[in-house]
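S.K.: Contents of protein.pdb (PDB, C-alpha atoms) are given next:
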```pdb
ATOM      1  CA  MET Z   1     -15.656  25.191  12.486
ATOM      2  CA  LYS Z   2     -12.727  23.791  10.516
ATOM      3  CA  THR Z   3     -12.447  24.766   6.864
ATOM      4  CA  PRO Z   4     -12.029  21.611   4.745
ATOM      5  CA  ILE Z   5      -8.791  21.218   2.807
ATOM      6  CA  PHE Z   6     -10.953  20.552  -0.248
ATOM      7  CA  THR Z   7     -14.528  19.778  -1.136
ATOM      8  CA  GLY Z   8     -15.507  17.344  -3.870
ATOM      9  CA  SER Z   9     -13.399  14.676  -5.544
ATOM     10  CA  GLY Z  10      -9.832  14.093  -4.435
ATOM     11  CA  LEU Z  11      -7.870  11.674  -6.604
ATOM     12  CA  ALA Z  12      -6.046   8.959  -4.636
ATOM     13  CA  MET Z  13      -3.390   8.957  -7.332
ATOM     14  CA  ILE Z  14      -1.476   5.928  -8.542
ATOM     15  CA  THR Z  15       2.291   6.102  -8.834
ATOM     16  CA  PRO Z  16       3.027   5.114 -12.450
ATOM     17  CA  MET Z  17       6.090   2.944 -12.963
ATOM     18  CA  HIS Z  18       8.453   2.177 -15.813
ATOM     19  CA  ALA Z  19       9.084  -1.434 -16.836
ATOM     20  CA  ASP Z  20      12.136  -1.523 -14.559
ATOM     21  CA  GLY Z  21       9.986  -0.501 -11.568
ATOM     22  CA  SER Z  22      11.238   3.070 -11.326
ATOM     23  CA  VAL Z  23       8.783   5.971 -11.020
ATOM     24  CA  ASN Z  24       7.482   7.379 -14.305
ATOM     25  CA  TYR Z  25       7.449  11.120 -13.639
ATOM     26  CA  ALA Z  26       6.365  12.055 -17.156
ATOM     27  CA  GLU Z  27       3.217  10.009 -16.692
ATOM     28  CA  ILE Z  28       2.569  11.654 -13.339
ATOM     29  CA  ASP Z  29       2.511  14.957 -15.229
ATOM     30  CA  ARG Z  30       0.064  13.581 -17.779
ATOM     31  CA  ILE Z  31      -2.290  12.246 -15.112
ATOM     32  CA  VAL Z  32      -2.172  15.514 -13.163
ATOM     33  CA  GLU Z  33      -3.018  17.603 -16.215
ATOM     34  CA  ASP Z  34      -5.855  15.306 -17.317
ATOM     35  CA  GLN Z  35      -7.333  15.266 -13.825
ATOM     36  CA  ILE Z  36      -7.253  19.038 -13.422
ATOM     37  CA  ALA Z  37      -8.860  19.431 -16.856
ATOM     38  CA  ALA Z  38     -11.632  17.056 -15.747
ATOM     39  CA  HIS Z  39     -12.370  19.158 -12.629
ATOM     40  CA  THR Z  40     -10.822  16.915  -9.982
ATOM     41  CA  ASP Z  41     -10.739  19.001  -6.805
ATOM     42  CA  ALA Z  42      -7.567  17.723  -5.093
ATOM     43  CA  ILE Z  43      -4.781  15.203  -5.561
ATOM     44  CA  ILE Z  44      -3.621  12.838  -2.850
ATOM     45  CA  SER Z  45      -0.068  11.674  -3.519
ATOM     46  CA  CYS Z  46       1.539   8.568  -2.034
ATOM     47  CA  GLY Z  47      -1.432   7.069  -0.267
ATOM     48  CA  THR Z  48      -2.476   3.431  -0.467
ATOM     49  CA  THR Z  49      -3.301   3.681  -4.175
ATOM     50  CA  GLY Z  50       0.065   5.363  -4.743
ATOM     51  CA  GLU Z  51       1.887   2.311  -3.361
ATOM     52  CA  ALA Z  52       3.479   4.302  -0.551
ATOM     53  CA  SER Z  53       4.257   1.073   1.302
ATOM     54  CA  THR Z  54       6.782   0.018  -1.366
ATOM     55  CA  LEU Z  55       8.313   3.426  -2.089
ATOM     56  CA  GLU Z  56      11.659   4.173  -0.500
ATOM     57  CA  ASP Z  57      11.615   7.334   1.594
ATOM     58  CA  GLN Z  58      13.453   9.458  -0.976
ATOM     59  CA  GLU Z  59      11.254   8.152  -3.802
ATOM     60  CA  HIS Z  60       8.195   8.881  -1.703
ATOM     61  CA  LEU Z  61       9.292  12.453  -1.085
ATOM     62  CA  ASP Z  62      10.412  12.936  -4.679
ATOM     63  CA  VAL Z  63       6.957  11.923  -5.914
ATOM     64  CA  ILE Z  64       5.213  14.295  -3.515
ATOM     65  CA  GLY Z  65       7.531  17.134  -4.477
ATOM     66  CA  HIS Z  66       7.047  16.453  -8.179
ATOM     67  CA  VAL Z  67       3.250  16.446  -7.864
ATOM     68  CA  VAL Z  68       3.290  19.666  -5.833
ATOM     69  CA  LYS Z  69       5.485  21.348  -8.424
ATOM     70  CA  ARG Z  70       3.368  20.159 -11.363
ATOM     71  CA  VAL Z  71       0.061  21.157  -9.780
ATOM     72  CA  ASN Z  72       1.568  24.551  -8.929
ATOM     73  CA  GLY Z  73      -1.206  25.615  -6.567
ATOM     74  CA  ARG Z  74      -4.104  24.976  -8.939
ATOM     75  CA  ILE Z  75      -5.712  22.492  -6.552
ATOM     76  CA  PRO Z  76      -4.607  21.195  -3.142
ATOM     77  CA  VAL Z  77      -2.016  18.413  -3.019
ATOM     78  CA  ILE Z  78      -2.297  16.206   0.051
ATOM     79  CA  ALA Z  79       0.670  14.028   0.962
ATOM     80  CA  GLY Z  80       0.374  10.545   2.363
ATOM     81  CA  THR Z  81       2.833  10.377   5.258
ATOM     82  CA  GLY Z  82       1.458   7.705   7.580
ATOM     83  CA  SER Z  83       3.509   4.882   9.052
ATOM     84  CA  ASN Z  84       3.340   2.209  11.731
ATOM     85  CA  ASN Z  85       6.258   4.083  13.308
ATOM     86  CA  THR Z  86       5.097   7.438  14.653
ATOM     87  CA  ALA Z  87       8.599   8.914  14.527
ATOM     88  CA  HIS Z  88       8.829   7.983  10.854
ATOM     89  CA  ALA Z  89       5.419   9.563  10.167
ATOM     90  CA  VAL Z  90       6.563  12.739  11.932
ATOM     91  CA  MET Z  91       9.722  12.873   9.810
ATOM     92  CA  MET Z  92       7.844  12.287   6.545
ATOM     93  CA  SER Z  93       5.211  14.858   7.512
ATOM     94  CA  LYS Z  94       7.844  17.504   8.153
ATOM     95  CA  GLU Z  95       9.487  16.766   4.822
ATOM     96  CA  ALA Z  96       6.139  16.917   2.989
ATOM     97  CA  ALA Z  97       5.420  20.271   4.610
ATOM     98  CA  ASP Z  98       8.775  21.574   3.375
ATOM     99  CA  LEU Z  99       7.888  20.363  -0.141
ATOM    100  CA  GLY Z 100       4.734  22.497  -0.174
ATOM    101  CA  ALA Z 101       1.953  20.003   0.450
ATOM    102  CA  ALA Z 102      -1.395  21.529   1.427
ATOM    103  CA  GLY Z 103      -2.234  18.798   3.919
ATOM    104  CA  LEU Z 104      -1.333  15.347   5.205
ATOM    105  CA  LEU Z 105      -3.139  12.025   4.885
ATOM    106  CA  VAL Z 106      -2.076   9.872   7.834
ATOM    107  CA  VAL Z 107      -3.163   6.253   8.042
ATOM    108  CA  THR Z 108      -3.569   4.599  11.422
ATOM    109  CA  PRO Z 109      -0.480   2.700  12.581
ATOM    110  CA  TYR Z 110      -0.694  -0.761  11.030
ATOM    111  CA  TYR Z 111       0.589  -4.121  12.300
ATOM    112  CA  ASN Z 112       1.369  -2.750  15.781
ATOM    113  CA  LYS Z 113      -2.380  -2.805  16.595
ATOM    114  CA  THR Z 114      -2.180   0.061  19.042
ATOM    115  CA  SER Z 115      -4.937   0.967  21.516
ATOM    116  CA  GLN Z 116      -7.289   3.926  21.182
ATOM    117  CA  ALA Z 117      -5.051   5.784  23.645
ATOM    118  CA  GLY Z 118      -2.127   4.978  21.352
ATOM    119  CA  LEU Z 119      -4.016   6.440  18.390
ATOM    120  CA  VAL Z 120      -4.578   9.662  20.311
ATOM    121  CA  ALA Z 121      -0.914   9.890  21.263
ATOM    122  CA  SER Z 122       0.332   9.056  17.756
ATOM    123  CA  TYR Z 123      -1.955  11.428  15.877
ATOM    124  CA  THR Z 124      -1.264  14.184  18.390
ATOM    125  CA  ALA Z 125       2.497  13.826  17.878
ATOM    126  CA  ILE Z 126       2.103  13.977  14.102
ATOM    127  CA  ALA Z 127      -0.306  16.917  14.184
ATOM    128  CA  ASP Z 128       2.027  18.806  16.523
ATOM    129  CA  ALA Z 129       4.956  18.349  14.135
ATOM    130  CA  THR Z 130       3.854  20.715  11.335
ATOM    131  CA  ASP Z 131       1.441  23.532  10.607
ATOM    132  CA  LEU Z 132      -0.401  21.451   7.993
ATOM    133  CA  PRO Z 133      -3.944  20.157   8.444
ATOM    134  CA  VAL Z 134      -4.139  16.400   8.981
ATOM    135  CA  ILE Z 135      -6.643  13.949   7.529
ATOM    136  CA  MET Z 136      -6.788  10.795   9.623
ATOM    137  CA  TYR Z 137      -7.207   7.692   7.472
ATOM    138  CA  ASN Z 138      -9.362   4.946   8.933
ATOM    139  CA  VAL Z 139      -9.114   1.715   6.938
ATOM    140  CA  PRO Z 140      -9.296  -1.158   9.436
ATOM    141  CA  SER Z 141      -9.486  -3.831   6.732
ATOM    142  CA  ARG Z 142      -5.865  -3.000   5.887
ATOM    143  CA  THR Z 143      -4.458  -1.886   9.220
ATOM    144  CA  GLY Z 144      -6.226  -4.016  11.819
ATOM    145  CA  VAL Z 145      -7.013  -0.832  13.765
ATOM    146  CA  ASN Z 146     -10.277   1.133  13.862
ATOM    147  CA  ILE Z 147     -10.597   4.754  14.969
ATOM    148  CA  ALA Z 148     -13.565   4.631  17.337
ATOM    149  CA  PRO Z 149     -16.000   7.547  17.105
ATOM    150  CA  GLU Z 150     -15.150   8.550  20.660
ATOM    151  CA  THR Z 151     -11.458   8.660  19.720
ATOM    152  CA  ALA Z 152     -12.259  10.768  16.665
ATOM    153  CA  LYS Z 153     -14.086  13.141  19.016
ATOM    154  CA  VAL Z 154     -11.031  13.497  21.261
ATOM    155  CA  LEU Z 155      -8.721  14.076  18.302
ATOM    156  CA  SER Z 156     -11.084  16.560  16.658
ATOM    157  CA  ALA Z 157     -10.246  18.982  19.464
ATOM    158  CA  HIS Z 158      -6.717  19.315  18.058
ATOM    159  CA  PRO Z 159      -6.600  22.421  15.843
ATOM    160  CA  LYS Z 160      -4.530  20.696  13.138
ATOM    161  CA  ILE Z 161      -6.593  17.520  12.920
ATOM    162  CA  ASN Z 162      -8.929  18.640  10.185
ATOM    163  CA  ALA Z 163     -10.665  15.562   8.828
ATOM    164  CA  ILE Z 164     -11.086  11.818   8.652
ATOM    165  CA  LYS Z 165     -11.050   9.645   5.554
ATOM    166  CA  GLU Z 166     -13.549   6.946   6.434
ATOM    167  CA  ALA Z 167     -12.949   3.643   4.672
ATOM    168  CA  SER Z 168     -14.369   1.366   7.353
ATOM    169  CA  GLY Z 169     -17.500   0.816   5.274
ATOM    170  CA  ASN Z 170     -19.527   1.181   8.478
ATOM    171  CA  ILE Z 171     -22.122   3.878   7.827
ATOM    172  CA  SER Z 172     -23.417   3.655  11.389
ATOM    173  CA  GLN Z 173     -19.933   4.433  12.677
ATOM    174  CA  VAL Z 174     -19.602   7.375  10.289
ATOM    175  CA  ALA Z 175     -22.941   8.716  11.499
ATOM    176  CA  LYS Z 176     -21.724   8.553  15.086
ATOM    177  CA  VAL Z 177     -18.488  10.347  14.160
ATOM    178  CA  ALA Z 178     -20.530  13.082  12.477
ATOM    179  CA  ALA Z 179     -22.839  13.373  15.482
ATOM    180  CA  LEU Z 180     -20.015  13.529  18.021
ATOM    181  CA  CYS Z 181     -17.604  15.771  16.112
ATOM    182  CA  GLY Z 182     -19.884  18.108  14.177
ATOM    183  CA  ASP Z 183     -18.028  20.959  12.470
ATOM    184  CA  GLU Z 184     -14.765  20.127  14.260
ATOM    185  CA  LEU Z 185     -13.984  17.198  11.957
ATOM    186  CA  ASN Z 186     -14.565  17.078   8.205
ATOM    187  CA  ILE Z 187     -15.443  13.684   6.758
ATOM    188  CA  TYR Z 188     -14.350  12.253   3.398
ATOM    189  CA  SER Z 189     -15.534   8.979   1.964
ATOM    190  CA  GLY Z 190     -12.764   6.476   1.402
ATOM    191  CA  ASN Z 191     -15.090   4.214  -0.580
ATOM    192  CA  ASP Z 192     -16.331   5.205  -4.028
ATOM    193  CA  ASP Z 193     -19.556   3.228  -3.614
ATOM    194  CA  GLN Z 194     -20.475   5.264  -0.513
ATOM    195  CA  ILE Z 195     -19.909   8.852  -1.617
ATOM    196  CA  VAL Z 196     -23.550   9.923  -1.416
ATOM    197  CA  PRO Z 197     -24.250   8.202   1.913
ATOM    198  CA  LEU Z 198     -21.355  10.074   3.483
ATOM    199  CA  LEU Z 199     -22.346  13.357   1.839
ATOM    200  CA  SER Z 200     -25.794  12.883   3.343
ATOM    201  CA  LEU Z 201     -24.148  12.767   6.780
ATOM    202  CA  GLY Z 202     -22.354  16.044   6.165
ATOM    203  CA  GLY Z 203     -19.319  14.694   4.307
ATOM    204  CA  LYS Z 204     -17.179  17.062   2.277
ATOM    205  CA  GLY Z 205     -16.280  14.708  -0.570
ATOM    206  CA  VAL Z 206     -14.338  11.597  -1.464
ATOM    207  CA  ILE Z 207     -10.738  10.452  -1.729
ATOM    208  CA  SER Z 208     -11.290   8.410  -4.838
ATOM    209  CA  VAL Z 209      -9.901   5.561  -6.909
ATOM    210  CA  LEU Z 210     -12.808   5.826  -9.373
ATOM    211  CA  ALA Z 211     -11.673   9.329 -10.334
ATOM    212  CA  HIS Z 212      -8.777   7.843 -12.313
ATOM    213  CA  VAL Z 213     -11.150   6.499 -14.963
ATOM    214  CA  ALA Z 214     -14.214   8.696 -14.391
ATOM    215  CA  PRO Z 215     -12.901  11.991 -13.005
ATOM    216  CA  ARG Z 216     -15.724  14.221 -14.184
ATOM    217  CA  GLU Z 217     -18.439  11.862 -12.944
ATOM    218  CA  THR Z 218     -16.782  11.539  -9.525
ATOM    219  CA  HIS Z 219     -16.560  15.314  -9.263
ATOM    220  CA  ASP Z 220     -20.176  15.633 -10.421
ATOM    221  CA  ILE Z 221     -21.533  13.206  -7.812
ATOM    222  CA  CYS Z 222     -20.227  15.621  -5.193
ATOM    223  CA  GLN Z 223     -21.054  18.864  -6.976
ATOM    224  CA  LEU Z 224     -24.632  17.834  -7.703
ATOM    225  CA  TRP Z 225     -25.088  17.128  -4.001
ATOM    226  CA  PHE Z 226     -23.566  20.467  -3.007
ATOM    227  CA  ASP Z 227     -25.862  22.181  -5.523
ATOM    228  CA  GLY Z 228     -28.912  20.667  -3.840
ATOM    229  CA  LYS Z 229     -29.560  18.203  -6.670
ATOM    230  CA  CYS Z 230     -29.605  15.228  -4.336
ATOM    231  CA  ALA Z 231     -31.667  12.896  -6.529
ATOM    232  CA  GLU Z 232     -29.364  13.501  -9.487
ATOM    233  CA  SER Z 233     -26.307  12.925  -7.296
ATOM    234  CA  ALA Z 234     -27.709   9.638  -6.000
ATOM    235  CA  ALA Z 235     -28.654   8.540  -9.512
ATOM    236  CA  LEU Z 236     -25.111   9.159 -10.742
ATOM    237  CA  GLN Z 237     -23.683   7.309  -7.739
ATOM    238  CA  LEU Z 238     -25.829   4.295  -8.590
ATOM    239  CA  LYS Z 239     -25.007   4.535 -12.286
ATOM    240  CA  MET Z 240     -21.291   4.325 -11.471
ATOM    241  CA  LEU Z 241     -21.662   1.449  -8.992
ATOM    242  CA  GLU Z 242     -20.598  -1.362 -11.317
ATOM    243  CA  LEU Z 243     -17.457   0.535 -12.302
ATOM    244  CA  CYS Z 244     -16.695   1.274  -8.641
ATOM    245  CA  ASN Z 245     -16.956  -2.417  -7.841
ATOM    246  CA  ILE Z 246     -14.833  -3.722 -10.718
ATOM    247  CA  LEU Z 247     -12.000  -1.408  -9.656
ATOM    248  CA  PHE Z 248     -11.841  -3.473  -6.466
ATOM    249  CA  CYS Z 249     -12.037  -6.933  -8.035
ATOM    250  CA  ASP Z 250      -8.506  -7.449  -6.682
ATOM    251  CA  VAL Z 251      -6.361  -5.669  -4.127
ATOM    252  CA  ASN Z 252      -6.110  -1.924  -4.749
ATOM    253  CA  PRO Z 253      -4.247  -0.579  -6.755
ATOM    254  CA  ILE Z 254      -3.890  -3.642  -8.995
ATOM    255  CA  PRO Z 255      -7.171  -3.117 -10.929
ATOM    256  CA  VAL Z 256      -6.930   0.656 -11.270
ATOM    257  CA  LYS Z 257      -3.357   0.495 -12.566
ATOM    258  CA  GLU Z 258      -4.484  -2.025 -15.164
ATOM    259  CA  ALA Z 259      -7.460   0.210 -15.985
ATOM    260  CA  MET Z 260      -5.137   3.140 -16.580
ATOM    261  CA  ASN Z 261      -2.974   0.975 -18.838
ATOM    262  CA  LEU Z 262      -6.085  -0.029 -20.798
ATOM    263  CA  LEU Z 263      -6.998   3.659 -21.108
ATOM    264  CA  GLY Z 264      -3.653   4.349 -22.759
ATOM    265  CA  TYR Z 265      -1.650   5.612 -19.825
ATOM    266  CA  ASP Z 266       1.771   4.180 -19.079
ATOM    267  CA  ALA Z 267       0.881   3.239 -15.529
ATOM    268  CA  GLY Z 268       3.035   0.138 -15.488
ATOM    269  CA  ALA Z 269       2.767  -2.685 -12.993
ATOM    270  CA  CYS Z 270       2.539  -2.679  -9.212
ATOM    271  CA  ARG Z 271       5.586  -3.448  -7.140
ATOM    272  CA  LEU Z 272       5.802  -6.777  -5.353
ATOM    273  CA  PRO Z 273       4.166  -8.209  -3.329
ATOM    274  CA  LEU Z 274       1.302  -7.061  -5.592
ATOM    275  CA  VAL Z 275       1.074  -8.969  -8.863
ATOM    276  CA  ALA Z 276      -0.784  -8.596 -12.147
ATOM    277  CA  LEU Z 277      -4.535  -8.855 -12.493
ATOM    278  CA  SER Z 278      -5.801 -12.264 -13.588
ATOM    279  CA  GLU Z 279      -6.876 -12.615 -17.217
ATOM    280  CA  ASP Z 280     -10.463 -13.253 -16.117
ATOM    281  CA  ASN Z 281     -10.609 -10.054 -14.083
ATOM    282  CA  ARG Z 282      -8.792  -8.146 -16.812
ATOM    283  CA  ALA Z 283     -11.510  -9.150 -19.282
ATOM    284  CA  LYS Z 284     -14.213  -8.043 -16.826
ATOM    285  CA  LEU Z 285     -12.421  -4.756 -16.239
ATOM    286  CA  ARG Z 286     -12.110  -4.086 -19.970
ATOM    287  CA  ALA Z 287     -15.794  -4.892 -20.476
ATOM    288  CA  ALA Z 288     -16.792  -2.458 -17.727
ATOM    289  CA  LEU Z 289     -14.582   0.302 -19.116
ATOM    290  CA  GLU Z 290     -16.134  -0.236 -22.539
ATOM    291  CA  LYS Z 291     -19.654  -0.236 -21.097
ATOM    292  CA  TYR Z 292     -19.028   3.084 -19.354
ATOM    293  CA  GLY Z 293     -17.452   4.663 -22.422
ATOM    294  CA  CYS Z 294     -14.055   5.063 -20.823
ATOM    295  CA  LEU Z 295     -12.179   3.357 -23.658
ATOM    296  CA  LYS Z 296     -11.786   5.538 -26.703
TER     297      LYS Z 296
END
```
How would this structure read if it were set down as structure tokens?
M.R.:
Amino acid sequence: MKTPIFTGSGLAMITPMHADGSVNYAEIDRIVEDQIAAHTDAIISCGTTGEASTLEDQEHLDVIGHVVKRVNGRIPVIAGTGSNNTAHAVMMSKEAADLGAAGLLVVTPYYNKTSQAGLVASYTAIADATDLPVIMYNVPSRTGVNIAPETAKVLSAHPKINAIKEASGNISQVAKVAALCGDELNIYSGNDDQIVPLLSLGGKGVISVLAHVAPRETHDICQLWFDGKCAESAALQLKMLELCNILFCDVNPIPVKEAMNLLGYDAGACRLPLVALSEDNRAKLRAALEKYGCLK
């Protein structure tokens, strides 16, 4: 049995930017403190929502190091270190380990469209490179590559491959992963609208965008389930559904960065090629935040 890196709600944290596009480290500190106060269970730095794909390597590592230092061991910090170049992912993973990360989030190689055998070889090389536990990140809508359940089973035998973040949206696939891997692979939901379904299949929590604007509720969906209050957990999941959906009215992290700006954070804009939310979607986002009581 592999001990999960965390249970509950892990924030897939944005990387706030100044008007000139540089990283806003003061706002990182503010987000970290607010999230810990609201009972978020882990922070994932420099994943998809953190715009890792447009951070230069040194920026990427500086952000991870800053988050680790600010959190100071209060909750786990998981570093996004995936790449379409396995050697690059190995290098970034080693650096993140040296910075004190508690684990690694490693997306499947994108664009290359490797085979299942290639996934096994790539993840094995990355997992062999450090002593940190690895969360595989399966998001085929972005990468063009799906981790098949049988491949997850093979990789679950590696002692450092701890978990999978499942963002395929395919509940049947997740069920097969759970059946094949059992206690050898922890499962996290990568979709906020599917937290409870994945918990019902033995999932350990969520790596969440929703937690930016509703951190306590996202934590509570998980905690209620763990406490055996399954009906209450499901009810809260359904209550939050509209907010989950509006945060994906455009490409992530465009809506959630705008939501954080509306909430009074200095999140800034996304880096190109991502552009600002349309005025129509901005109005819908504001209305949803008001409806859910997020705007003060």
S.K.: Find the residues of region 164-255 of chain Z that sit at most 12 Å from region 37-58 of chain Z; for each, write down the nearest two atoms and how far apart they are in Å, to one decimal. Count only C-alpha atoms. Sort by chain, then by number going up, and give it as JSON lines.
M.R.:
```
{"residue": "Z:Lys165", "atom": "CA", "partner": "Z:Gly47", "partner_atom": "CA", "distance": 11.5}
{"residue": "Z:Ala167", "atom": "CA", "partner": "Z:Thr48", "partner_atom": "CA", "distance": 11.7}
{"residue": "Z:Gly190", "atom": "CA", "partner": "Z:Thr48", "partner_atom": "CA", "distance": 10.9}
{"residue": "Z:Lys204", "atom": "CA", "partner": "Z:Asp41", "partner_atom": "CA", "distance": 11.3}
{"residue": "Z:Gly205", "atom": "CA", "partner": "Z:Asp41", "partner_atom": "CA", "distance": 9.4}
{"residue": "Z:Val206", "atom": "CA", "partner": "Z:Asp41", "partner_atom": "CA", "distance": 9.8}
{"residue": "Z:Ile207", "atom": "CA", "partner": "Z:Ile44", "partner_atom": "CA", "distance": 7.6}
{"residue": "Z:Ser208", "atom": "CA", "partner": "Z:Ile44", "partner_atom": "CA", "distance": 9.1}
{"residue": "Z:Val209", "atom": "CA", "partner": "Z:Thr49", "partner_atom": "CA", "distance": 7.4}
{"residue": "Z:Leu210", "atom": "CA", "partner": "Z:Thr49", "partner_atom": "CA", "distance": 11.0}
{"residue": "Z:Ala211", "atom": "CA", "partner": "Z:Thr40", "partner_atom": "CA", "distance": 7.6}
{"residue": "Z:His212", "atom": "CA", "partner": "Z:Thr40", "partner_atom": "CA", "distance": 9.6}
{"residue": "Z:Val213", "atom": "CA", "partner": "Z:Ala38", "partner_atom": "CA", "distance": 10.6}
{"residue": "Z:Ala214", "atom": "CA", "partner": "Z:Ala38", "partner_atom": "CA", "distance": 8.9}
{"residue": "Z:Pro215", "atom": "CA", "partner": "Z:Ala38", "partner_atom": "CA", "distance": 5.9}
{"residue": "Z:Arg216", "atom": "CA", "partner": "Z:Ala38", "partner_atom": "CA", "distance": 5.2}
{"residue": "Z:Glu217", "atom": "CA", "partner": "Z:Ala38", "partner_atom": "CA", "distance": 9.0}
{"residue": "Z:Thr218", "atom": "CA", "partner": "Z:Thr40", "partner_atom": "CA", "distance": 8.0}
{"residue": "Z:His219", "atom": "CA", "partner": "Z:Thr40", "partner_atom": "CA", "distance": 6.0}
{"residue": "Z:Asp220", "atom": "CA", "partner": "Z:His39", "partner_atom": "CA", "distance": 8.8}
{"residue": "Z:Ile221", "atom": "CA", "partner": "Z:Thr40", "partner_atom": "CA", "distance": 11.5}
{"residue": "Z:Cys222", "atom": "CA", "partner": "Z:Asp41", "partner_atom": "CA", "distance": 10.2}
{"residue": "Z:Gln223", "atom": "CA", "partner": "Z:Asp41", "partner_atom": "CA", "distance": 10.3}
{"residue": "Z:Leu247", "atom": "CA", "partner": "Z:Thr49", "partner_atom": "CA", "distance": 11.5}
{"residue": "Z:Phe248", "atom": "CA", "partner": "Z:Thr49", "partner_atom": "CA", "distance": 11.4}
{"residue": "Z:Val251", "atom": "CA", "partner": "Z:Thr49", "partner_atom": "CA", "distance": 9.8}
{"residue": "Z:Asn252", "atom": "CA", "partner": "Z:Thr49", "partner_atom": "CA", "distance": 6.3}
{"residue": "Z:Pro253", "atom": "CA", "partner": "Z:Thr49", "partner_atom": "CA", "distance": 5.1}
{"residue": "Z:Ile254", "atom": "CA", "partner": "Z:Thr49", "partner_atom": "CA", "distance": 8.8}
{"residue": "Z:Pro255", "atom": "CA", "partner": "Z:Thr49", "partner_atom": "CA", "distance": 10.3}
```
S.K.: Counting all atoms listed in the file, which residues come within 6 Å of (-4.5, 19.6, -2.3), with the point read in the file's coordinates, and could you list them as a VMD selection string?
M.R.: chain Z and resid 42 to 43 75 to 78 102
S.K.: Specify as number ranges by chain each residue included when the PyMOL selection byres ((chain Z and resi 294) around 10) is applied to this file.
M.R.: Z: 213-214, 259, 262-263, 286, 288-293, 295-296
S.K.: Counting all atoms listed in the file, what is within 12 Å of Gly118 (chain Z), bar same-chain residues fewer than 3 positions away, as a PyMOL selection string?
M.R.: chain Z and resi 84-86+108-110+112-115+121-125+145-147+151+155
S.K.: Could you write out the selected residues, including C-alpha atoms, as a short mmCIF file (atom, residue, chain, number, x, y, z; two decimals), in the frame of the given file?
M.R.:
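As written to disk, out26.cif reads:
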```
data_model
loop_
_atom_site.label_atom_id
_atom_site.label_comp_id
_atom_site.auth_asym_id
_atom_site.auth_seq_id
_atom_site.Cartn_x
_atom_site.Cartn_y
_atom_site.Cartn_z
CA ASN Z 84 3.34 2.21 11.73
CA ASN Z 85 6.26 4.08 13.31
CA THR Z 86 5.10 7.44 14.65
CA THR Z 108 -3.57 4.60 11.42
CA PRO Z 109 -0.48 2.70 12.58
CA TYR Z 110 -0.69 -0.76 11.03
CA ASN Z 112 1.37 -2.75 15.78
CA LYS Z 113 -2.38 -2.80 16.60
CA THR Z 114 -2.18 0.06 19.04
CA SER Z 115 -4.94 0.97 21.52
CA ALA Z 121 -0.91 9.89 21.26
CA SER Z 122 0.33 9.06 17.76
CA TYR Z 123 -1.96 11.43 15.88
CA THR Z 124 -1.26 14.18 18.39
CA ALA Z 125 2.50 13.83 17.88
CA VAL Z 145 -7.01 -0.83 13.76
CA ASN Z 146 -10.28 1.13 13.86
CA ILE Z 147 -10.60 4.75 14.97
CA THR Z 151 -11.46 8.66 19.72
CA LEU Z 155 -8.72 14.08 18.30
#
```
S.K.: Would you please work out which residue, of Z:Ile164, Z:Cys244, Z:Leu277, Z:Cys181, is nearest to Ile195 (chain Z) when using all atoms listed in the file?
M.R.: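 Counting all atoms listed in the file, the residue closest to Ile195 (chain Z) is Z:Cys244.
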